[in-house]
Amino acid sequence: MSSERVPVELSKGVNGLDKIILRETRGSSAEVYLYGGHVTSWKNEHGEELLFVSSKALFKPPKAIRGGIPICFPQFSNHGPLEQHGFARNRFWSIDTDPPAFPTNSSSKAHVDLILRPSEDDMKIWPHSYEFRLRVALGPGGDLLLTSRIRNTNTDGKLFTFTFAYHTYFSVSDISEVRVEGLETLDYLDNLQNKERFTEQGDAITFEIEVDKIYLSTPTKIAILDHEKKRTFVIRKDGLPDAVVWNPWDKKAKAMADFGDDEYKHMLCVEAAAIEKPITLKPGEEWRGRQELSAVPSSYCSGQLDPQRVLQSS
């Protein structure tokens, strides 16, 4: 068996950080760093990278990695007293060698189970005991599946509350040629206007200025259509009612040290999330949040991309 086809391989990544490489038999792959439990690469069977990671990303703890799929827990953004996006993305996770039973419809051998538990220092800033289990898996068609299971392991009877997001950075050819389908007519909180609530208008979301919105009560399926690449990303999600859409545009891009000035043109964050209604767990209770990402050729109908076919198909 050639090393190219080993489904799970532990390797060294940037700056000697440990990473796991997942390979599916048809050629797709993914990479996950133990630092942050952070997916940094997802490639299709042609070896094309589907996630965006900044060329200026610092793989240097305690700085979070810019791009890929950062995990926001136990707080999204500044929605609470903790540091921006919480601390899960700044911690070293462990490989979970004996995960509990995991109901899944994928028989893929290309998966890894990670676990995060609080350190003593973590308990000082967020005084709760928990187990955060993350499974990253490649499906037989090259789909990328992330399943998070968070359990309250407090022994003092205390419940805890958190917000959460998979802060996925998708790689796109040109942001001005991209549109997002599935969020039309929904209410959203605009982070650029003090989280004020608005209702989305129009047929689809397109991009010509900075966007930072939290869409509420969103469908389980959202599509991102990339005209130039003739590719559609489909996000399927469960347990994650909200969806964040973010692109920093030019001014904010220039202000970020770990982000190239023009890189905003080639990325879009669409984030499966639970923000508006925080999750509350009693001791012993477990929450599960799942997202499945797929990349499919865009279908055409009279010269137009036909997102409805994508959204209506299973």
# chains A, B, ... in the order shown; residues from 1 in each chain; ligands from 1
call {"tool": "residues_around", "arguments": {"residues": "A:Gln291", "least_positions_apart": "5", "cutoff": "6 Å", "atoms": "only C-alpha atoms", "output": "short mmCIF file (atom, residue, chain, number, x, y, z; two decimals) with all heavy atoms, in the first residue's frame"}}
result
data_model
loop_
_atom_site.label_atom_id
_atom_site.label_comp_id
_atom_site.auth_asym_id
_atom_site.auth_seq_id
_atom_site.Cartn_x
_atom_site.Cartn_y
_atom_site.Cartn_z
N LEU A 145 -16.70 16.39 6.58
CA LEU A 145 -17.67 16.38 7.68
C LEU A 145 -16.98 16.73 8.99
O LEU A 145 -15.97 16.12 9.34
CB LEU A 145 -18.32 15.00 7.82
CG LEU A 145 -19.23 14.52 6.70
CD1 LEU A 145 -18.41 13.88 5.58
CD2 LEU A 145 -20.22 13.50 7.22
N LEU A 146 -17.55 17.70 9.70
CA LEU A 146 -17.08 18.05 11.04
C LEU A 146 -18.24 17.86 12.00
O LEU A 146 -19.33 18.42 11.79
CB LEU A 146 -16.59 19.49 11.11
CG LEU A 146 -15.19 19.78 10.56
CD1 LEU A 146 -15.20 19.85 9.05
CD2 LEU A 146 -14.65 21.07 11.14
N ARG A 236 -24.21 21.74 4.46
CA ARG A 236 -25.34 21.12 5.15
C ARG A 236 -25.02 21.13 6.63
O ARG A 236 -23.90 20.79 7.01
CB ARG A 236 -25.55 19.68 4.67
CG ARG A 236 -25.97 19.58 3.21
CD ARG A 236 -26.05 18.12 2.77
NE ARG A 236 -26.49 17.98 1.39
CZ ARG A 236 -25.69 18.04 0.33
NH1 ARG A 236 -24.39 18.24 0.49
NH2 ARG A 236 -26.17 17.91 -0.89
N LYS A 237 -25.99 21.51 7.45
CA LYS A 237 -25.67 21.68 8.86
C LYS A 237 -26.82 21.18 9.73
O LYS A 237 -27.97 21.14 9.31
CB LYS A 237 -25.34 23.14 9.17
CG LYS A 237 -26.44 24.13 8.82
CD LYS A 237 -25.94 25.56 8.89
CE LYS A 237 -27.01 26.57 8.56
NZ LYS A 237 -28.16 26.56 9.47
#
call {"tool": "closest_atom_pairs", "arguments": {"of": "stretch 249-310 of chain A", "to": "stretch 171-176 of chain A", "cutoff": "8 Å", "atoms": "only C-alpha atoms", "output": "tab-separated table"}}
result
residue	atom	partner	partner_atom	distance
A:Tyr264	CA	A:Ile175	CA	7.5
A:Lys265	CA	A:Ile175	CA	5.0
A:His266	CA	A:Val172	CA	4.9
A:Met267	CA	A:Ser171	CA	4.8
A:Leu268	CA	A:Ser171	CA	6.8
call {"tool": "closest_residue", "arguments": {"among": "A:Ala223, A:Arg5, A:Pro241, A:Arg26", "to": "A:Pro278", "atoms": "only C-alpha atoms"}}
result
A:Pro241
call {"tool": "closest_residue", "arguments": {"among": "A:Gly68, A:Glu276, A:Pro7, A:Glu210", "to": "A:Gln193", "atoms": "only C-alpha atoms"}}
result
A:Glu210
call {"tool": "residues_around", "arguments": {"residues": "A:Asn194", "least_positions_apart": "6", "cutoff": "12 Å", "atoms": "only C-alpha atoms", "output": "PyMOL selection string"}}
result
chain A and resi 78-79+188+212-214
call {"tool": "residues_around", "arguments": {"residues": "stretch 19-21 of chain A", "least_positions_apart": "2", "cutoff": "12 Å", "atoms": "only C-alpha atoms", "output": "number ranges by chain"}}
result
A: 3-17, 23-24, 28-43, 59, 92-95, 110-114, 136-138
call {"tool": "residues_around", "arguments": {"residues": "A:Asn90", "least_positions_apart": "4", "cutoff": "10 Å", "atoms": "only C-alpha atoms", "output": "list in words"}}
result
Tyr35, Gly36, Gly37, His38, Lys60, Pro61, Pro62, Lys63, Ala64, Ile65, Pro70, Ile71, Cys72, His85 and Gly86 of chain A
call {"tool": "select_by_dssp", "arguments": {"residues": "stretch 180-283 of chain A", "states": "strand (DSSP E or B)", "output": "ChimeraX atom specification"}}
result
/A:180-181,187-190,196-199,205-206,211-215,221-226,231-238,242-247,267-281
call {"tool": "write_last_selection", "arguments": {"atoms": "N, CA and C atoms", "output": "compact mmCIF listing (two decimals), in the first residue's frame"}}
result
# COMPACT_ATOMS: atom_id res chain seq x y z
N VAL A 180 -24.35 33.86 -2.70
CA VAL A 180 -24.79 32.90 -1.69
C VAL A 180 -26.29 32.73 -1.80
N GLU A 181 -26.74 31.49 -1.90
CA GLU A 181 -28.16 31.17 -2.03
C GLU A 181 -28.64 30.44 -0.77
N ASP A 187 -34.03 37.22 8.47
CA ASP A 187 -33.54 38.27 9.36
C ASP A 187 -32.06 38.03 9.64
N TYR A 188 -31.34 39.15 9.85
CA TYR A 188 -29.93 39.03 10.21
C TYR A 188 -29.55 40.15 11.18
N LEU A 189 -28.49 39.90 11.93
CA LEU A 189 -27.89 40.92 12.79
C LEU A 189 -26.66 41.45 12.04
N ASP A 190 -26.58 42.77 11.90
CA ASP A 190 -25.46 43.36 11.16
C ASP A 190 -24.37 43.78 12.15
N GLU A 196 -27.59 45.46 14.90
CA GLU A 196 -28.98 45.81 14.63
C GLU A 196 -29.60 44.75 13.71
N ARG A 197 -30.89 44.52 13.90
CA ARG A 197 -31.59 43.47 13.16
C ARG A 197 -32.23 44.03 11.88
N PHE A 198 -32.00 43.35 10.77
CA PHE A 198 -32.58 43.73 9.48
C PHE A 198 -33.16 42.48 8.83
N THR A 199 -33.85 42.68 7.70
CA THR A 199 -34.34 41.56 6.90
C THR A 199 -33.69 41.61 5.53
N ILE A 205 -27.31 36.77 -2.20
CA ILE A 205 -26.35 37.68 -1.59
C ILE A 205 -25.13 37.77 -2.50
N THR A 206 -24.79 38.99 -2.89
CA THR A 206 -23.59 39.22 -3.68
C THR A 206 -22.70 40.21 -2.92
N VAL A 211 -18.84 42.85 4.39
CA VAL A 211 -20.05 42.20 4.88
C VAL A 211 -19.71 41.43 6.16
N ASP A 212 -20.54 41.60 7.20
CA ASP A 212 -20.36 40.87 8.46
C ASP A 212 -21.74 40.74 9.10
N LYS A 213 -22.44 39.67 8.73
CA LYS A 213 -23.84 39.50 9.14
C LYS A 213 -24.05 38.11 9.76
N ILE A 214 -24.96 38.07 10.74
CA ILE A 214 -25.38 36.81 11.34
C ILE A 214 -26.82 36.56 10.92
N TYR A 215 -27.02 35.62 10.00
CA TYR A 215 -28.37 35.27 9.56
C TYR A 215 -28.99 34.30 10.58
N LYS A 221 -29.44 23.88 4.58
CA LYS A 221 -28.57 23.84 3.42
C LYS A 221 -28.38 25.24 2.84
N ILE A 222 -27.12 25.59 2.59
CA ILE A 222 -26.77 26.89 2.00
C ILE A 222 -25.80 26.61 0.86
N ALA A 223 -25.93 27.37 -0.24
CA ALA A 223 -25.04 27.17 -1.39
C ALA A 223 -24.24 28.44 -1.67
N ILE A 224 -22.96 28.24 -2.01
CA ILE A 224 -22.07 29.33 -2.42
C ILE A 224 -21.69 29.06 -3.87
N LEU A 225 -22.10 29.96 -4.76
CA LEU A 225 -21.85 29.74 -6.19
C LEU A 225 -20.70 30.61 -6.67
N ASP A 226 -19.69 29.95 -7.23
CA ASP A 226 -18.50 30.63 -7.75
C ASP A 226 -18.59 30.58 -9.28
N ARG A 231 -18.15 26.34 -9.86
CA ARG A 231 -18.19 25.43 -8.72
C ARG A 231 -19.19 25.94 -7.70
N THR A 232 -19.90 25.03 -7.08
CA THR A 232 -20.82 25.37 -6.00
C THR A 232 -20.42 24.61 -4.75
N PHE A 233 -20.21 25.37 -3.68
CA PHE A 233 -20.05 24.74 -2.37
C PHE A 233 -21.44 24.59 -1.76
N VAL A 234 -21.67 23.44 -1.15
CA VAL A 234 -22.93 23.23 -0.43
C VAL A 234 -22.58 22.95 1.02
N ILE A 235 -23.21 23.74 1.91
CA ILE A 235 -23.05 23.55 3.35
C ILE A 235 -24.33 22.91 3.86
N ARG A 236 -24.21 21.74 4.46
CA ARG A 236 -25.34 21.12 5.15
C ARG A 236 -25.02 21.13 6.63
N LYS A 237 -25.99 21.51 7.45
CA LYS A 237 -25.67 21.68 8.86
C LYS A 237 -26.82 21.18 9.73
N ASP A 238 -26.44 20.82 10.95
CA ASP A 238 -27.42 20.28 11.89
C ASP A 238 -27.06 20.76 13.29
N ASP A 242 -27.87 29.28 12.97
CA ASP A 242 -27.47 30.56 12.40
C ASP A 242 -26.39 30.37 11.33
N ALA A 243 -26.16 31.42 10.55
CA ALA A 243 -25.10 31.38 9.53
C ALA A 243 -24.48 32.77 9.44
N VAL A 244 -23.19 32.84 9.66
CA VAL A 244 -22.45 34.10 9.56
C VAL A 244 -21.87 34.21 8.16
N VAL A 245 -22.01 35.39 7.56
CA VAL A 245 -21.40 35.66 6.26
C VAL A 245 -20.44 36.83 6.45
N TRP A 246 -19.15 36.62 6.09
CA TRP A 246 -18.12 37.64 6.36
C TRP A 246 -17.13 37.74 5.22
N ASN A 247 -16.88 38.96 4.80
CA ASN A 247 -15.73 39.28 3.96
C ASN A 247 -15.22 40.65 4.41
N MET A 267 -11.54 34.92 -0.92
CA MET A 267 -12.09 34.15 0.20
C MET A 267 -13.49 34.64 0.54
N LEU A 268 -14.23 33.75 1.18
CA LEU A 268 -15.53 34.10 1.75
C LEU A 268 -15.78 33.18 2.93
N CYS A 269 -16.14 33.79 4.06
CA CYS A 269 -16.53 32.98 5.21
C CYS A 269 -18.05 32.85 5.24
N VAL A 270 -18.52 31.61 5.26
CA VAL A 270 -19.92 31.30 5.55
C VAL A 270 -19.86 30.27 6.67
N GLU A 271 -20.38 30.66 7.83
CA GLU A 271 -20.09 29.94 9.06
C GLU A 271 -21.36 29.37 9.70
N ALA A 272 -21.43 28.05 9.78
CA ALA A 272 -22.53 27.40 10.50
C ALA A 272 -22.35 27.68 11.98
N ALA A 273 -23.40 28.19 12.62
CA ALA A 273 -23.21 28.74 13.96
C ALA A 273 -24.45 28.61 14.84
N ALA A 274 -24.23 28.77 16.14
CA ALA A 274 -25.32 28.89 17.13
C ALA A 274 -24.97 30.09 17.98
N ILE A 275 -25.60 31.23 17.69
CA ILE A 275 -25.21 32.50 18.30
C ILE A 275 -26.39 33.21 18.96
N GLU A 276 -27.46 33.42 18.20
CA GLU A 276 -28.58 34.23 18.72
C GLU A 276 -29.17 33.60 19.98
N LYS A 277 -29.35 32.29 19.96
CA LYS A 277 -29.86 31.58 21.13
C LYS A 277 -28.74 30.69 21.64
N PRO A 278 -27.99 31.14 22.65
CA PRO A 278 -26.87 30.34 23.16
C PRO A 278 -27.33 28.96 23.63
N ILE A 279 -26.42 28.01 23.55
CA ILE A 279 -26.69 26.63 23.97
C ILE A 279 -26.45 26.53 25.47
N THR A 280 -27.39 25.93 26.19
CA THR A 280 -27.22 25.72 27.63
C THR A 280 -27.23 24.22 27.91
N LEU A 281 -26.23 23.77 28.66
CA LEU A 281 -26.11 22.36 29.03
C LEU A 281 -26.10 22.20 30.54
call {"tool": "decode", "arguments": {"residues": "stretch 6-22 of chain A", "atoms": "all heavy atoms", "output": "compact mmCIF listing (two decimals), in the first residue's frame"}}
result
# COMPACT_ATOMS: atom_id res chain seq x y z
N VAL A 6 -2.56 6.08 2.52
CA VAL A 6 -2.83 5.86 3.94
C VAL A 6 -3.95 6.80 4.37
O VAL A 6 -3.85 8.00 4.17
CB VAL A 6 -1.56 6.12 4.78
CG1 VAL A 6 -1.88 6.03 6.26
CG2 VAL A 6 -0.46 5.15 4.41
N PRO A 7 -5.06 6.28 4.93
CA PRO A 7 -6.21 7.15 5.20
C PRO A 7 -5.95 8.19 6.29
O PRO A 7 -6.51 9.28 6.25
CB PRO A 7 -7.33 6.19 5.60
CG PRO A 7 -6.66 4.91 5.94
CD PRO A 7 -5.37 4.86 5.19
N VAL A 8 -5.11 7.85 7.28
CA VAL A 8 -4.83 8.78 8.38
C VAL A 8 -3.33 8.76 8.66
O VAL A 8 -2.76 7.69 8.90
CB VAL A 8 -5.59 8.38 9.66
CG1 VAL A 8 -5.35 9.41 10.76
CG2 VAL A 8 -7.08 8.22 9.40
N GLU A 9 -2.72 9.92 8.62
CA GLU A 9 -1.27 9.99 8.86
C GLU A 9 -0.95 11.18 9.76
O GLU A 9 -1.41 12.29 9.52
CB GLU A 9 -0.53 10.16 7.52
CG GLU A 9 0.98 10.28 7.66
CD GLU A 9 1.68 10.65 6.36
OE1 GLU A 9 1.01 10.68 5.30
OE2 GLU A 9 2.89 10.93 6.39
N LEU A 10 -0.17 10.92 10.80
CA LEU A 10 0.30 12.00 11.67
C LEU A 10 1.58 12.55 11.08
O LEU A 10 2.49 11.79 10.72
CB LEU A 10 0.54 11.47 13.09
CG LEU A 10 0.93 12.50 14.16
CD1 LEU A 10 -0.14 13.57 14.32
CD2 LEU A 10 1.19 11.80 15.50
N SER A 11 1.66 13.88 10.96
CA SER A 11 2.79 14.49 10.27
C SER A 11 3.16 15.79 10.97
O SER A 11 2.48 16.22 11.91
CB SER A 11 2.40 14.75 8.81
OG SER A 11 3.43 15.36 8.09
N LYS A 12 4.25 16.39 10.53
CA LYS A 12 4.65 17.71 11.04
C LYS A 12 4.26 18.77 10.02
O LYS A 12 4.53 18.62 8.83
CB LYS A 12 6.16 17.77 11.29
CG LYS A 12 6.63 16.92 12.46
CD LYS A 12 6.18 17.50 13.80
CE LYS A 12 6.67 16.63 14.96
NZ LYS A 12 6.09 17.09 16.25
N GLY A 13 3.64 19.84 10.50
CA GLY A 13 3.24 20.92 9.62
C GLY A 13 4.14 22.13 9.77
O GLY A 13 5.31 22.01 10.15
N VAL A 14 3.59 23.30 9.50
CA VAL A 14 4.35 24.55 9.58
C VAL A 14 4.88 24.74 11.00
O VAL A 14 4.18 24.48 11.98
CB VAL A 14 3.45 25.74 9.17
CG1 VAL A 14 4.25 27.05 9.20
CG2 VAL A 14 2.86 25.51 7.79
N ASN A 15 6.13 25.19 11.10
CA ASN A 15 6.78 25.45 12.39
C ASN A 15 6.79 24.23 13.31
O ASN A 15 6.82 24.35 14.53
CB ASN A 15 6.11 26.63 13.11
CG ASN A 15 6.35 27.94 12.39
OD1 ASN A 15 7.37 28.10 11.71
ND2 ASN A 15 5.43 28.88 12.52
N GLY A 16 6.76 23.02 12.69
CA GLY A 16 6.86 21.79 13.47
C GLY A 16 5.61 21.41 14.23
O GLY A 16 5.63 20.48 15.05
N LEU A 17 4.50 22.12 13.97
CA LEU A 17 3.25 21.79 14.66
C LEU A 17 2.69 20.46 14.13
O LEU A 17 2.76 20.18 12.94
CB LEU A 17 2.21 22.90 14.45
CG LEU A 17 2.53 24.26 15.08
CD1 LEU A 17 1.52 25.31 14.62
CD2 LEU A 17 2.53 24.17 16.60
N ASP A 18 2.14 19.66 15.03
CA ASP A 18 1.58 18.36 14.63
C ASP A 18 0.31 18.55 13.81
O ASP A 18 -0.56 19.37 14.15
CB ASP A 18 1.23 17.52 15.87
CG ASP A 18 2.47 17.00 16.58
OD1 ASP A 18 3.45 16.67 15.89
OD2 ASP A 18 2.46 16.95 17.83
N LYS A 19 0.18 17.77 12.75
CA LYS A 19 -1.04 17.78 11.96
C LYS A 19 -1.39 16.37 11.54
O LYS A 19 -0.52 15.48 11.51
CB LYS A 19 -0.91 18.69 10.73
CG LYS A 19 0.03 18.17 9.66
CD LYS A 19 0.02 19.10 8.44
CE LYS A 19 0.98 18.59 7.36
NZ LYS A 19 1.01 19.48 6.18
N ILE A 20 -2.66 16.16 11.24
CA ILE A 20 -3.14 14.87 10.74
C ILE A 20 -3.56 15.07 9.30
O ILE A 20 -4.28 16.02 8.98
CB ILE A 20 -4.33 14.34 11.58
CG1 ILE A 20 -3.87 14.03 13.01
CG2 ILE A 20 -4.92 13.09 10.96
CD1 ILE A 20 -4.32 15.04 14.00
N ILE A 21 -3.09 14.18 8.42
CA ILE A 21 -3.50 14.22 7.02
C ILE A 21 -4.50 13.09 6.79
O ILE A 21 -4.24 11.94 7.14
CB ILE A 21 -2.29 14.04 6.08
CG1 ILE A 21 -1.23 15.11 6.36
CG2 ILE A 21 -2.73 14.09 4.62
CD1 ILE A 21 0.09 14.87 5.66
N LEU A 22 -5.67 13.44 6.27
CA LEU A 22 -6.69 12.46 5.91
C LEU A 22 -6.71 12.31 4.40
O LEU A 22 -6.64 13.30 3.67
CB LEU A 22 -8.07 12.92 6.39
CG LEU A 22 -8.22 13.23 7.89
CD1 LEU A 22 -9.63 13.74 8.18
CD2 LEU A 22 -7.91 12.01 8.74
